[in-house]
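This is data.cif. It holds mmCIF, C-alpha atoms and all ligand atoms.
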```
data_target
loop_
_atom_site.group_PDB
_atom_site.id
_atom_site.type_symbol
_atom_site.label_atom_id
_atom_site.label_comp_id
_atom_site.auth_asym_id
_atom_site.auth_seq_id
_atom_site.Cartn_x
_atom_site.Cartn_y
_atom_site.Cartn_z
ATOM 1 C CA MET A 1 10.639 65.833 39.415
ATOM 2 C CA GLY A 2 7.538 67.956 39.420
ATOM 3 C CA MET A 3 5.971 69.680 42.352
ATOM 4 C CA GLY A 4 4.144 68.495 45.420
ATOM 5 C CA ALA A 5 3.499 64.799 45.788
ATOM 6 C CA VAL A 6 3.610 63.936 42.097
ATOM 7 C CA GLU A 7 6.694 61.907 41.205
ATOM 8 C CA VAL A 8 7.203 62.410 37.486
ATOM 9 C CA LYS A 9 9.697 60.711 35.195
ATOM 10 C CA ILE A 10 10.511 62.321 31.858
ATOM 11 C CA LYS A 11 11.429 60.004 28.986
ATOM 12 C CA SER A 12 12.485 60.859 25.462
ATOM 13 C CA ASP A 13 12.155 57.380 23.982
ATOM 14 C CA CYS A 14 9.294 56.947 21.508
ATOM 15 C CA SER A 15 9.425 53.155 21.671
ATOM 16 C CA GLY A 16 6.768 51.590 23.845
ATOM 17 C CA VAL A 17 4.635 54.729 23.950
ATOM 18 C CA ASP A 18 0.896 54.163 24.075
ATOM 19 C CA TRP A 19 -0.079 56.265 21.043
ATOM 20 C CA LYS A 20 -3.767 55.732 21.696
ATOM 21 C CA ALA A 21 -3.255 57.403 25.077
ATOM 22 C CA VAL A 22 -1.612 60.332 23.279
ATOM 23 C CA SER A 23 -4.570 60.626 20.920
ATOM 24 C CA ASP A 24 -7.106 60.247 23.746
ATOM 25 C CA THR A 25 -5.331 62.832 25.920
ATOM 26 C CA LEU A 26 -5.239 65.423 23.148
ATOM 27 C CA ARG A 27 -8.934 64.818 22.520
ATOM 28 C CA ASP A 28 -9.759 65.007 26.246
ATOM 29 C CA VAL A 29 -8.042 68.378 26.690
ATOM 30 C CA GLY A 30 -9.699 69.823 23.589
ATOM 31 C CA MET A 31 -6.669 69.873 21.295
ATOM 32 C CA ALA A 32 -6.329 68.615 17.724
ATOM 33 C CA TYR A 33 -5.878 64.853 17.630
ATOM 34 C CA HIS A 34 -5.360 62.143 15.045
ATOM 35 C CA GLU A 35 -5.265 58.371 14.727
ATOM 36 C CA PRO A 36 -2.639 56.895 17.100
ATOM 37 C CA ASP A 37 -0.295 55.966 14.233
ATOM 38 C CA VAL A 38 -0.334 59.548 12.941
ATOM 39 C CA HIS A 39 0.860 60.753 16.348
ATOM 40 C CA ARG A 40 3.538 58.066 16.388
ATOM 41 C CA LYS A 41 4.858 59.337 13.045
ATOM 42 C CA ALA A 42 4.777 62.968 14.227
ATOM 43 C CA PHE A 43 6.582 62.301 17.524
ATOM 44 C CA GLU A 44 9.119 59.921 15.965
ATOM 45 C CA ASN A 45 9.957 62.465 13.262
ATOM 46 C CA SER A 46 10.329 65.334 15.735
ATOM 47 C CA HIS A 47 13.661 66.733 16.913
ATOM 48 C CA THR A 48 12.569 66.314 20.508
ATOM 49 C CA ALA A 49 9.755 64.203 21.923
ATOM 50 C CA LEU A 50 9.172 64.023 25.657
ATOM 51 C CA PHE A 51 6.812 61.939 27.736
ATOM 52 C CA ALA A 52 5.955 62.382 31.415
ATOM 53 C CA TYR A 53 5.151 59.265 33.406
ATOM 54 C CA GLN A 54 3.884 58.605 36.870
ATOM 55 C CA GLY A 55 4.868 54.997 37.263
ATOM 56 C CA ASP A 56 3.731 53.307 34.043
ATOM 57 C CA ARG A 57 1.057 55.868 33.359
ATOM 58 C CA LEU A 58 1.556 58.450 30.605
ATOM 59 C CA ILE A 59 0.347 61.710 32.132
ATOM 60 C CA GLY A 60 1.724 64.314 29.744
ATOM 61 C CA PHE A 61 3.910 64.926 26.721
ATOM 62 C CA GLY A 62 5.198 67.464 24.249
ATOM 63 C CA ARG A 63 7.401 67.677 21.175
ATOM 64 C CA ALA A 64 9.374 70.117 19.072
ATOM 65 C CA ILE A 65 10.327 70.129 15.423
ATOM 66 C CA SER A 66 13.623 71.863 14.795
ATOM 67 C CA ASP A 67 16.659 72.313 12.535
ATOM 68 C CA GLY A 68 18.748 71.722 15.661
ATOM 69 C CA ALA A 69 20.624 74.978 15.083
ATOM 70 C CA TYR A 70 18.509 78.116 15.445
ATOM 71 C CA GLN A 71 14.799 77.489 14.855
ATOM 72 C CA ALA A 72 12.243 75.311 16.613
ATOM 73 C CA ALA A 73 8.493 74.971 16.975
ATOM 74 C CA VAL A 74 6.705 73.299 19.859
ATOM 75 C CA TYR A 75 3.580 71.189 19.385
ATOM 76 C CA ASP A 76 1.275 68.837 21.272
ATOM 77 C CA VAL A 77 2.092 69.886 24.827
ATOM 78 C CA ALA A 78 -0.625 68.432 27.039
ATOM 79 C CA VAL A 79 -1.090 67.160 30.569
ATOM 80 C CA ILE A 80 -4.023 64.902 31.457
ATOM 81 C CA PRO A 81 -6.697 66.845 33.374
ATOM 82 C CA GLU A 82 -6.230 65.260 36.811
ATOM 83 C CA PHE A 83 -2.501 66.113 36.750
ATOM 84 C CA GLN A 84 -2.791 69.669 35.468
ATOM 85 C CA LYS A 85 -1.669 72.683 37.514
ATOM 86 C CA GLN A 86 0.955 70.650 39.364
ATOM 87 C CA GLY A 87 3.978 71.891 37.466
ATOM 88 C CA ILE A 88 4.185 69.027 34.981
ATOM 89 C CA GLY A 89 3.626 71.189 31.910
ATOM 90 C CA THR A 90 6.423 73.463 33.121
ATOM 91 C CA VAL A 91 8.760 70.495 33.543
ATOM 92 C CA ILE A 92 7.961 69.215 30.031
ATOM 93 C CA LEU A 93 8.581 72.659 28.500
ATOM 94 C CA GLY A 94 11.806 73.004 30.488
ATOM 95 C CA HIS A 95 13.137 69.734 29.107
ATOM 96 C CA ILE A 96 12.140 70.715 25.568
ATOM 97 C CA ARG A 97 13.972 74.042 25.926
ATOM 98 C CA ALA A 98 17.050 72.356 27.345
ATOM 99 C CA ARG A 99 17.302 70.246 24.188
ATOM 100 C CA LEU A 100 17.063 73.288 21.925
ATOM 101 C CA PRO A 101 19.934 75.530 23.047
ATOM 102 C CA ARG A 102 20.362 78.718 20.970
ATOM 103 C CA CYS A 103 17.070 78.089 19.166
ATOM 104 C CA ASN A 104 14.220 80.512 18.765
ATOM 105 C CA ILE A 105 11.079 78.689 19.808
ATOM 106 C CA ILE A 106 7.668 79.444 18.375
ATOM 107 C CA LEU A 107 4.325 77.804 18.983
ATOM 108 C CA TYR A 108 0.678 78.542 18.804
ATOM 109 C CA ALA A 109 -1.234 78.071 22.007
ATOM 110 C CA ALA A 110 -4.714 76.600 22.069
ATOM 111 C CA PRO A 111 -7.223 79.363 22.794
ATOM 112 C CA GLY A 112 -7.166 79.891 26.572
ATOM 113 C CA LYS A 113 -3.737 78.305 27.014
ATOM 114 C CA GLY A 114 -1.640 81.403 26.289
ATOM 115 C CA GLY A 115 -1.351 82.246 29.988
ATOM 116 C CA PHE A 116 0.646 79.091 30.605
ATOM 117 C CA TYR A 117 3.229 80.063 27.979
ATOM 118 C CA GLU A 118 3.316 83.718 29.079
ATOM 119 C CA LYS A 119 4.312 82.572 32.567
ATOM 120 C CA LEU A 120 7.215 80.744 30.928
ATOM 121 C CA GLY A 121 8.386 83.903 29.174
ATOM 122 C CA PHE A 122 6.742 83.518 25.768
ATOM 123 C CA ARG A 123 5.307 86.619 24.128
ATOM 124 C CA ARG A 124 2.449 86.893 21.683
ATOM 125 C CA MET A 125 3.654 87.087 18.086
ATOM 126 C CA LYS A 126 2.398 89.988 16.036
ATOM 127 C CA THR A 127 3.316 88.731 12.585
ATOM 128 C CA GLY A 128 2.470 85.041 12.827
ATOM 129 C CA MET A 129 1.025 83.673 9.581
ATOM 130 C CA ALA A 130 -0.423 80.225 9.012
ATOM 131 C CA LEU A 131 -1.578 78.160 6.073
ATOM 132 C CA PHE A 132 -3.713 75.589 7.857
ATOM 133 C CA GLN A 133 -5.051 72.423 6.218
ATOM 134 C CA ASN A 134 -8.337 72.952 8.036
ATOM 135 C CA ALA A 135 -8.391 76.726 7.533
ATOM 136 C CA ALA A 136 -12.114 77.269 8.099
ATOM 137 C CA ALA A 137 -12.148 75.230 11.327
ATOM 138 C CA MET A 138 -9.018 76.959 12.646
ATOM 139 C CA ARG A 139 -10.583 80.332 11.958
ATOM 140 C CA GLN A 140 -13.771 79.265 13.677
ATOM 141 C CA LYS A 141 -11.802 78.076 16.729
ATOM 142 C CA GLY A 142 -10.133 81.491 16.989
ATOM 143 C CA PHE A 143 -6.625 80.662 15.744
ATOM 144 C CA THR A 144 -6.703 83.013 12.725
ATOM 145 C CA GLU A 145 -8.399 86.218 11.645
HETATM 146 C C1 LIG B 201 -1.651 74.008 29.419
HETATM 147 C C2 LIG B 201 -1.011 72.791 30.069
HETATM 148 C C3 LIG B 201 -0.071 72.106 29.098
HETATM 149 C C4 LIG B 201 -0.221 73.281 31.284
HETATM 150 O O1 LIG B 201 0.310 72.188 31.975
HETATM 151 P P1 LIG B 201 0.201 72.145 33.555
HETATM 152 O O2 LIG B 201 0.999 71.014 34.048
HETATM 153 O O3 LIG B 201 -1.243 72.171 33.924
HETATM 154 O O4 LIG B 201 0.879 73.557 33.903
HETATM 155 P P2 LIG B 201 1.746 73.947 35.190
HETATM 156 O O5 LIG B 201 1.171 73.322 36.382
HETATM 157 O O6 LIG B 201 3.169 73.696 34.895
HETATM 158 O O7 LIG B 201 1.424 75.504 35.198
HETATM 159 C C5 LIG B 201 2.411 76.516 35.178
HETATM 160 C C6 LIG B 201 1.729 77.830 35.388
HETATM 161 O O8 LIG B 201 0.850 78.116 34.271
HETATM 162 C C7 LIG B 201 -0.469 78.338 34.744
HETATM 163 N N1 LIG B 201 -1.408 77.805 33.782
HETATM 164 C C8 LIG B 201 -1.589 76.519 33.440
HETATM 165 N N2 LIG B 201 -2.536 76.409 32.496
HETATM 166 C C9 LIG B 201 -2.966 77.661 32.253
HETATM 167 C C10 LIG B 201 -3.945 78.212 31.380
HETATM 168 N N3 LIG B 201 -4.665 77.434 30.563
HETATM 169 N N4 LIG B 201 -4.124 79.535 31.407
HETATM 170 C C11 LIG B 201 -3.400 80.328 32.233
HETATM 171 N N5 LIG B 201 -2.451 79.861 33.066
HETATM 172 C C12 LIG B 201 -2.238 78.547 33.074
HETATM 173 C C13 LIG B 201 -0.551 77.608 36.048
HETATM 174 O O9 LIG B 201 -1.555 78.150 36.865
HETATM 175 C C14 LIG B 201 0.831 77.819 36.620
HETATM 176 O O10 LIG B 201 0.922 79.097 37.202
HETATM 177 P P3 LIG B 201 1.650 79.284 38.623
HETATM 178 O O11 LIG B 201 3.072 78.889 38.383
HETATM 179 O O12 LIG B 201 1.445 80.729 38.919
HETATM 180 O O13 LIG B 201 0.940 78.358 39.535
HETATM 181 C C15 LIG B 201 -2.052 71.786 30.566
HETATM 182 O O14 LIG B 201 -2.847 72.375 31.556
HETATM 183 C C16 LIG B 201 -2.954 71.262 29.476
HETATM 184 O O15 LIG B 201 -2.648 70.319 28.776
HETATM 185 N N6 LIG B 201 -4.134 71.851 29.356
HETATM 186 C C17 LIG B 201 -5.103 71.408 28.391
HETATM 187 C C18 LIG B 201 -5.435 72.408 27.417
HETATM 188 C C19 LIG B 201 -5.895 73.707 28.053
HETATM 189 O O16 LIG B 201 -5.641 74.004 29.195
HETATM 190 N N7 LIG B 201 -6.562 74.500 27.313
HETATM 191 C C20 LIG B 201 -6.961 75.798 27.778
HETATM 192 C C21 LIG B 201 -8.316 75.836 28.378
HETATM 193 S S1 LIG B 201 -9.556 75.742 27.098
#
```
Please rewrite the model in this file as structure tokens.
Ligand SMILES: CC(C)(COP(=O)(O)OP(=O)(O)OC[C@H]1O[C@@H](n2cnc3c(N)ncnc32)[C@H](O)[C@@H]1OP(=O)(O)O)[C@@H](O)C(=O)NCCC(=O)NCCS
Amino acid sequence: MGMGAVEVKIKSDCSGVDWKAVSDTLRDVGMAYHEPDVHRKAFENSHTALFAYQGDRLIGFGRAISDGAYQAAVYDVAVIPEFQKQGIGTVILGHIRARLPRCNIILYAAPGKGGFYEKLGFRRMKTGMALFQNAAAMRQKGFTE
């Protein structure tokens, strides 16, 4: 799957995932990242966790927490820089959506990333409220007023 010459396999199995690569990728693309084991816990405890591979190489991922009935929230969608803009993010989001039928899906985009989600039909929320652990940093990064 994917577009152009990139042959991408999507897996939903958390076993065997290189969690350091997850942490490094999130850091490299400028998103919040944690120790590898913290990501393992987050992905394993999610309703849906998806990983995009080219061969053995992890090139993107994403996850959603959900009640499995009507509400879901998407987190940690990232594609490594050299594979961006080739449709892989769209494929990951499509697989996440397919696993959340009848669910509302919310997320907060990293500053500058909203355009990607708008192209997929998401709209900016007007009443979003957040109680962030790192409130001052999130405000400084432009996530909150
Ligand atoms: C955002 C991200 C998940 C998208 O994954 P991707 O595989 O690159 O996205 P796709 O190739 O599926 O793009 C789908 C569409 O969204 C657009 N798009 C992708 N990233 C975008 C962005 N940051 N802003 C606006 N549009 C974007 C693409 O141009 C494409 O449009 P098209 O269909 O008209 O060509 C990925 O680029 C990523 O991890 N980025 C790192 C974080 C980041 O970009 N931060 C913002 C800049 S500071």
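One finds CA of Ala109 (chain A) at 15.5 Å from CA of Ala137 (chain A).
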Please identify the residues whose atoms come within 12 Å of ligand LIG 201 (chain B), using all atoms listed in the file, and report them as a ChimeraX atom specification.
/A:1-4,6,8,22,25-32,52,59-63,74-94,108-122,141-142
List the spatial neighbours of Asp18 (chain A) as a list in words - criterion: any atom at most 12 Å away, all atoms listed in the file, same-chain residues fewer than 2 positions off excluded.
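The residues that qualify are Asp13, Cys14, Ser15, Gly16, Lys20, Ala21, Val22, Ser23, Asp24, Thr25, Glu35, Pro36, Asp37, His39, Arg40, Phe43, Phe51, Tyr53, Asp56, Arg57, Leu58, Ile59, Gly60 and Phe61 of chain A.
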Using only the atoms of region 11-14 of chain A listed in the file, plus 4 Å on each side, state the axis-aligned box centre and edge lengths in Å rounded to one decimal, as AutoDock Vina command-line options.
```
--center_x 10.9 --center_y 58.9 --center_z 25.2 --size_x 11.2 --size_y 11.9 --size_z 15.5
```
As an exercise, work out the distance from CA of Leu107 (chain A) to CA of Val17 (chain A) in Å and give it to one decimal place.
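According to the coordinates, CA of Leu107 (chain A) and CA of Val17 (chain A) are separated by 23.6 Å.
Of note, CA of Lys11 (chain A) and CA of Lys41 (chain A) are spaced 17.3 Å apart.
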Tell me which of A:Gln54, A:Arg123, A:Thr144, A:His47 sits closest to Leu100 (chain A), counting all atoms listed in the file.
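Closest to Leu100 (chain A), using all atoms listed in the file: A:His47.
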Give the answer as one residue: which of A:Met138, A:Leu131, A:Cys103, A:Val38 has the shortest atom-to-atom distance to Ala64 (chain A), using only C-alpha atoms?
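Using only C-alpha atoms, the shortest distance to Ala64 (chain A) belongs to A:Cys103.
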My list of candidates is A:Lys9, A:Arg97, A:Arg139, A:Arg102. Which is closest to Ala69 (chain A) when distances are computed with all atoms listed in the file?
A:Arg102
